[in-house]
file final.txt (compact mmCIF, C-alpha atoms)
# COMPACT_ATOMS: atom_id res chain seq x y z
CA MET F 253 0.00 0.00 0.00
CA GLN F 254 1.32 3.45 -0.88
CA ARG F 255 2.10 5.86 1.96
CA THR F 256 -0.46 8.63 2.27
CA ASN F 257 -0.76 11.86 4.22
CA TYR F 258 -4.12 11.42 5.97
CA THR F 259 -4.17 14.58 8.03
CA GLY F 260 -5.77 16.79 5.35
CA SER F 261 -8.69 14.50 4.66
CA LEU F 262 -12.14 15.25 6.04
CA ALA F 263 -12.76 11.50 6.47
CA PHE F 264 -9.59 11.23 8.60
CA LEU F 265 -10.66 14.20 10.73
CA TRP F 266 -14.15 12.68 11.22
CA LYS F 267 -12.67 9.32 12.26
CA ALA F 268 -10.23 11.12 14.57
CA LEU F 269 -12.95 13.17 16.30
CA LEU F 270 -15.15 10.11 16.83
CA GLY F 271 -12.11 8.15 18.02
CA TYR F 272 -11.15 10.80 20.58
CA ALA F 273 -14.71 10.98 21.85
CA ALA F 274 -14.91 7.16 22.14
CA TYR F 275 -11.55 7.12 23.98
CA TYR F 276 -12.78 9.41 26.75
CA ILE F 277 -16.54 8.81 27.03
CA PHE F 278 -17.70 6.28 29.59
CA PHE F 279 -21.47 6.81 29.87
CA PRO F 280 -23.82 5.51 28.68
CA LEU F 281 -21.89 2.22 28.52
CA TRP F 282 -22.80 1.50 24.88
CA LEU F 283 -21.77 4.93 23.52
CA PRO F 284 -18.05 4.18 22.93
CA SER F 285 -19.06 1.12 20.89
CA LEU F 286 -21.51 3.16 18.84
CA LEU F 287 -18.94 5.91 18.19
CA ASN F 288 -16.40 3.32 17.06
CA LYS F 289 -19.02 1.75 14.81
CA TRP F 290 -19.69 5.17 13.25
CA ARG F 291 -15.96 5.63 12.56
CA GLY F 292 -15.83 2.33 10.69
CA VAL F 293 -15.13 -0.48 13.17
CA LYS F 294 -17.26 -3.49 12.20
CA ILE F 295 -19.51 -3.96 15.23
CA GLY F 296 -22.84 -5.78 14.85
CA ASN F 297 -24.84 -4.50 17.82
CA ALA F 298 -23.13 -1.64 19.66
CA ARG F 299 -25.25 -2.33 22.75
CA LYS F 300 -23.77 -5.84 23.00
CA VAL F 301 -20.11 -4.73 23.01
CA TYR F 302 -18.43 -3.03 25.98
CA ILE F 303 -15.50 -0.75 25.25
CA ALA F 304 -14.04 0.83 28.38
CA PRO F 305 -12.51 4.32 28.49
CA ASN F 306 -8.95 4.66 27.18
CA VAL F 307 -9.35 1.90 24.58
CA LEU F 308 -7.61 2.75 21.31
CA ILE F 309 -8.87 1.05 18.15
CA ASP F 310 -6.78 1.62 15.02
CA THR F 311 -6.69 5.35 14.31
CA ILE F 312 -6.15 5.24 10.54
CA TYR F 313 -7.94 2.02 9.49
CA PRO F 314 -10.77 1.38 11.97
CA GLU F 315 -12.65 -0.39 9.16
CA ALA F 316 -10.03 -3.18 9.32
CA VAL F 317 -11.22 -4.15 12.83
CA THR F 318 -14.18 -6.48 13.47
CA ILE F 319 -15.62 -6.90 16.96
CA GLU F 320 -18.36 -9.49 17.44
CA ASP F 321 -21.14 -9.32 20.06
CA GLU F 322 -20.58 -9.81 23.79
CA VAL F 323 -16.94 -8.69 23.58
CA TYR F 324 -15.49 -6.83 26.58
CA LEU F 325 -12.46 -4.57 26.02
CA THR F 326 -11.16 -3.33 29.36
CA ARG F 327 -9.36 -0.07 30.10
CA GLY F 328 -6.22 0.66 28.12
CA VAL F 329 -6.60 -2.01 25.42
CA LYS F 330 -4.97 -1.20 22.06
CA VAL F 331 -6.13 -2.80 18.79
CA ILE F 332 -3.84 -2.09 15.85
CA ALA F 333 -4.58 -3.20 12.28
CA HIS F 334 -1.83 -1.46 10.33
CA PHE F 335 1.92 -0.91 10.10
CA ASN F 336 2.96 2.52 8.86
CA PRO F 337 6.78 2.85 8.92
CA THR F 338 8.68 6.11 8.84
CA ASN F 339 9.86 7.30 5.43
CA PRO F 340 13.49 6.22 6.06
CA ILE F 341 12.38 2.71 7.09
CA ALA F 342 10.07 2.49 4.08
CA GLU F 343 12.94 3.49 1.76
CA LEU F 344 15.36 1.01 3.37
CA THR F 345 13.00 -1.98 3.45
CA GLY F 346 10.71 -1.26 0.53
CA ILE F 347 7.77 -1.78 2.93
CA ASN F 348 5.13 0.90 2.82
CA SER F 349 1.91 0.88 4.78
CA GLU F 350 0.40 -2.55 5.44
CA VAL F 351 -3.12 -3.23 6.67
CA ASN F 352 -3.91 -6.64 8.19
CA PRO F 353 -7.46 -7.01 9.52
CA VAL F 354 -8.11 -7.86 13.17
CA LYS F 355 -11.11 -9.88 14.37
CA ILE F 356 -12.19 -10.31 17.97
CA GLY F 357 -14.61 -13.23 18.28
CA PHE F 358 -17.92 -13.52 20.11
CA GLY F 359 -17.77 -13.39 23.90
CA THR F 360 -14.05 -12.59 24.14
CA PHE F 361 -12.65 -10.74 27.16
CA VAL F 362 -9.50 -8.62 26.70
CA GLY F 363 -7.69 -7.62 29.91
CA VAL F 364 -6.31 -4.24 30.98
CA ASN F 365 -3.58 -2.77 28.76
CA ALA F 366 -3.46 -5.75 26.39
CA ILE F 367 -2.30 -5.06 22.83
CA ILE F 368 -3.70 -6.84 19.78
CA LEU F 369 -1.49 -6.46 16.72
CA PRO F 370 -2.28 -6.53 12.97
CA GLY F 371 -3.54 -9.75 11.42
CA VAL F 372 -4.71 -11.33 14.69
CA GLU F 373 -7.97 -13.26 14.81
CA LEU F 374 -9.21 -14.22 18.26
CA GLY F 375 -11.73 -17.05 18.31
CA ARG F 376 -14.95 -17.24 20.26
CA MET F 377 -14.90 -16.82 24.03
CA CYS F 378 -11.18 -16.21 24.47
CA ILE F 379 -9.61 -14.54 27.49
CA VAL F 380 -6.61 -12.27 26.91
CA GLY F 381 -4.68 -11.57 30.12
CA ALA F 382 -3.77 -8.10 31.32
CA GLY F 383 -0.73 -6.67 29.55
CA ALA F 384 -0.57 -9.45 26.95
CA VAL F 385 0.80 -8.61 23.51
CA VAL F 386 -1.13 -10.73 21.02
CA THR F 387 0.95 -11.24 17.87
CA LYS F 388 -0.71 -14.40 16.51
CA SER F 389 -4.25 -15.68 16.06
CA ALA F 390 -5.79 -17.96 18.69
CA PRO F 391 -8.51 -20.62 18.46
CA ASP F 392 -11.86 -20.61 20.25
CA TYR F 393 -11.79 -20.82 24.08
CA SER F 394 -8.09 -19.89 24.36
CA ILE F 395 -6.65 -18.21 27.43
CA LEU F 396 -3.71 -16.06 26.36
CA GLY F 397 -1.02 -14.34 28.38
CA GLY F 398 2.47 -12.95 28.13
CA ASN F 399 4.63 -11.01 25.71
CA PRO F 400 4.38 -12.31 23.10
CA ALA F 401 1.09 -13.89 24.13
CA THR F 402 0.83 -17.66 24.06
CA VAL F 403 -2.07 -19.99 24.76
CA ILE F 404 -1.85 -20.85 28.47
CA GLY F 405 -5.21 -22.51 29.00
CA ASP F 406 -8.71 -23.34 27.86
CA VAL F 407 -11.77 -21.42 29.04
CA ARG F 408 -13.87 -24.61 29.15
CA LYS F 409 -11.58 -25.99 31.89
CA LEU F 410 -12.45 -23.07 34.18
CA LYS F 411 -15.90 -24.50 34.94
CA LYS F 412 -16.79 -24.79 38.60
CA ASN F 413 -18.04 -28.21 39.68
call {"tool": "encode", "arguments": {"input": "final.txt", "output": "structure tokens"}}
result
Amino acid sequence: MQRTNYTGSLAFLWKALLGYAAYYIFFPLWLPSLLNKWRGVKIGNARKVYIAPNVLIDTIYPEAVTIEDEVYLTRGVKVIAHFNPTNPIAELTGINSEVNPVKIGFGTFVGVNAIILPGVELGRMCIVGAGAVVTKSAPDYSILGGNPATVIGDVRKLKKN
């Protein structure tokens, strides 16, 4: 993808304003989800997704992020769907901007300050531990933790007897 200067675009400014509002607003609880949906994040029912304050969802390509229903993103989560190197790095490597979609599956819980990087697909009902850096996709019911995040358990084994 060719590098672009987004700052002069009205669409970029609209996405940025909605993104800033969603980052700071905390009431009503469904409003940050709705604002993110308006800026392009693929969210089915904004009232069935909880996005806490201080959650950052890709600033340039929000449309590359899909969040299914019953997802809970806690405070400080970052979801990034693109890589946009500096001009010197782009010249050296020949890599310009890259967009790799992110999908967060139904019923997934993402802990405080976790980071989800480009190209990651989290399955249904996963748990991402606080501070985890998710660099690879994970199957349904995974419990992830660490940096880089690895599968450390299975949600179905957490059942109380």
call {"tool": "closest_residue", "arguments": {"input": "final.txt", "among": "F:Ile395, F:Val301, F:Val362, F:Gly346", "to": "Lys330 of chain F", "atoms": "all atoms listed in the file"}}
result
F:Val362
call {"tool": "closest_residue", "arguments": {"input": "final.txt", "among": "F:Ser394, F:Asn365, F:Asn348, F:Asn297", "to": "Ile319 of chain F", "atoms": "all atoms listed in the file"}}
result
F:Asn297
call {"tool": "closest_residue", "arguments": {"input": "final.txt", "among": "F:Asn306, F:Thr387, F:Asn399, F:Ser261", "to": "Gly328 of chain F", "atoms": "all atoms listed in the file"}}
result
F:Asn306
call {"tool": "atom_distance", "arguments": {"input": "final.txt", "atom1": "atom CA of Gly371 of chain F", "atom2": "atom CA of Ala316 of chain F"}}
result
9.5 Å
call {"tool": "atom_distance", "arguments": {"input": "final.txt", "atom1": "atom CA of Thr360 of chain F", "atom2": "atom CA of Val323 of chain F"}}
result
4.9 Å
call {"tool": "closest_residue", "arguments": {"input": "final.txt", "among": "F:Val380, F:Leu325, F:Gly375, F:Gly405", "to": "Asp392 of chain F", "atoms": "all atoms listed in the file"}}
result
F:Gly375
call {"tool": "closest_residue", "arguments": {"input": "final.txt", "among": "F:Ile312, F:Phe278, F:Gly296, F:Asn288", "to": "Phe264 of chain F", "atoms": "all atoms listed in the file"}}
result
F:Ile312
call {"tool": "closest_residue", "arguments": {"input": "final.txt", "among": "F:Phe335, F:Arg299, F:Pro340, F:Val354", "to": "Thr318 of chain F", "atoms": "all atoms listed in the file"}}
result
F:Val354
call {"tool": "atom_distance", "arguments": {"input": "final.txt", "atom1": "atom CA of Thr402 of chain F", "atom2": "atom CA of Pro370 of chain F"}}
result
16.0 Å
call {"tool": "axis_aligned_box", "arguments": {"input": "final.txt", "around": "segment 393-409 of chain F", "padding_each_side": "8 Å", "output": "AutoDock Vina command-line options"}}
result
--center_x -4.6 --center_y -18.5 --center_z 27.5 --size_x 34.5 --size_y 31.0 --size_z 24.8
call {"tool": "residues_around", "arguments": {"input": "final.txt", "residues": "Pro280 of chain F", "least_positions_apart": "6", "cutoff": "12 Å", "atoms": "all atoms listed in the file", "output": "short mmCIF file (atom, residue, chain, number, x, y, z; two decimals) with C-alpha atoms, in the coordinates of the input"}}
result
data_model
loop_
_atom_site.label_atom_id
_atom_site.label_comp_id
_atom_site.auth_asym_id
_atom_site.auth_seq_id
_atom_site.Cartn_x
_atom_site.Cartn_y
_atom_site.Cartn_z
CA ALA F 274 -14.91 7.16 22.14
CA LEU F 286 -21.51 3.16 18.84
CA LEU F 287 -18.94 5.91 18.19
CA ALA F 298 -23.13 -1.64 19.66
CA ARG F 299 -25.25 -2.33 22.75
CA TYR F 302 -18.43 -3.03 25.98
CA ILE F 303 -15.50 -0.75 25.25
CA ALA F 304 -14.04 0.83 28.38
CA PRO F 305 -12.51 4.32 28.49
#
call {"tool": "residues_near_point", "arguments": {"input": "final.txt", "point": "(-0.1, -9.9, 32.7)", "cutoff": "9 Å", "atoms": "only C-alpha atoms", "output": "mmCIF file with C-alpha atoms, in the coordinates of the input"}}
result
data_model
loop_
_atom_site.group_PDB
_atom_site.id
_atom_site.type_symbol
_atom_site.label_atom_id
_atom_site.label_comp_id
_atom_site.auth_asym_id
_atom_site.auth_seq_id
_atom_site.Cartn_x
_atom_site.Cartn_y
_atom_site.Cartn_z
ATOM 1 C CA GLY F 363 -7.690 -7.620 29.910
ATOM 2 C CA VAL F 364 -6.310 -4.240 30.980
ATOM 3 C CA ASN F 365 -3.580 -2.770 28.760
ATOM 4 C CA ALA F 366 -3.460 -5.750 26.390
ATOM 5 C CA GLY F 381 -4.680 -11.570 30.120
ATOM 6 C CA ALA F 382 -3.770 -8.100 31.320
ATOM 7 C CA GLY F 383 -0.730 -6.670 29.550
ATOM 8 C CA ALA F 384 -0.570 -9.450 26.950
ATOM 9 C CA GLY F 397 -1.020 -14.340 28.380
ATOM 10 C CA GLY F 398 2.470 -12.950 28.130
ATOM 11 C CA ASN F 399 4.630 -11.010 25.710
#
call {"tool": "build_atoms", "arguments": {"input": "final.txt", "residues": "segment 360-371 of chain F", "atoms": "N, CA and C atoms", "output": "PDB file, in the coordinates of the input"}}
result
ATOM      1  N   THR F 360     -15.442 -12.680  23.702  1.00  0.00           N
ATOM      2  CA  THR F 360     -14.050 -12.590  24.140  1.00  0.00           C
ATOM      3  C   THR F 360     -13.862 -11.468  25.151  1.00  0.00           C
ATOM      4  N   PHE F 361     -12.999 -11.707  26.129  1.00  0.00           N
ATOM      5  CA  PHE F 361     -12.650 -10.740  27.160  1.00  0.00           C
ATOM      6  C   PHE F 361     -11.177 -10.370  26.980  1.00  0.00           C
ATOM      7  N   VAL F 362     -10.880  -9.071  26.871  1.00  0.00           N
ATOM      8  CA  VAL F 362      -9.500  -8.620  26.700  1.00  0.00           C
ATOM      9  C   VAL F 362      -9.129  -7.780  27.920  1.00  0.00           C
ATOM     10  N   GLY F 363      -8.089  -8.226  28.648  1.00  0.00           N
ATOM     11  CA  GLY F 363      -7.690  -7.620  29.910  1.00  0.00           C
ATOM     12  C   GLY F 363      -7.009  -6.273  29.768  1.00  0.00           C
ATOM     13  N   VAL F 364      -6.866  -5.586  30.897  1.00  0.00           N
ATOM     14  CA  VAL F 364      -6.310  -4.240  30.980  1.00  0.00           C
ATOM     15  C   VAL F 364      -4.953  -4.146  30.276  1.00  0.00           C
ATOM     16  N   ASN F 365      -4.824  -3.114  29.455  1.00  0.00           N
ATOM     17  CA  ASN F 365      -3.580  -2.770  28.760  1.00  0.00           C
ATOM     18  C   ASN F 365      -3.057  -3.846  27.812  1.00  0.00           C
ATOM     19  N   ALA F 366      -3.890  -4.772  27.392  1.00  0.00           N
ATOM     20  CA  ALA F 366      -3.460  -5.750  26.390  1.00  0.00           C
ATOM     21  C   ALA F 366      -3.358  -5.054  25.037  1.00  0.00           C
ATOM     22  N   ILE F 367      -2.507  -5.599  24.172  1.00  0.00           N
ATOM     23  CA  ILE F 367      -2.300  -5.060  22.830  1.00  0.00           C
ATOM     24  C   ILE F 367      -2.567  -6.175  21.826  1.00  0.00           C
ATOM     25  N   ILE F 368      -3.405  -5.881  20.848  1.00  0.00           N
ATOM     26  CA  ILE F 368      -3.700  -6.840  19.780  1.00  0.00           C
ATOM     27  C   ILE F 368      -3.135  -6.250  18.492  1.00  0.00           C
ATOM     28  N   LEU F 369      -2.215  -6.972  17.879  1.00  0.00           N
ATOM     29  CA  LEU F 369      -1.490  -6.460  16.720  1.00  0.00           C
ATOM     30  C   LEU F 369      -2.121  -6.873  15.396  1.00  0.00           C
ATOM     31  N   PRO F 370      -1.676  -6.271  14.285  1.00  0.00           N
ATOM     32  CA  PRO F 370      -2.280  -6.530  12.970  1.00  0.00           C
ATOM     33  C   PRO F 370      -2.309  -8.010  12.597  1.00  0.00           C
ATOM     34  N   GLY F 371      -3.399  -8.398  11.942  1.00  0.00           N
ATOM     35  CA  GLY F 371      -3.540  -9.750  11.420  1.00  0.00           C
ATOM     36  C   GLY F 371      -4.017 -10.780  12.408  1.00  0.00           C
TER      37      GLY F 371
END
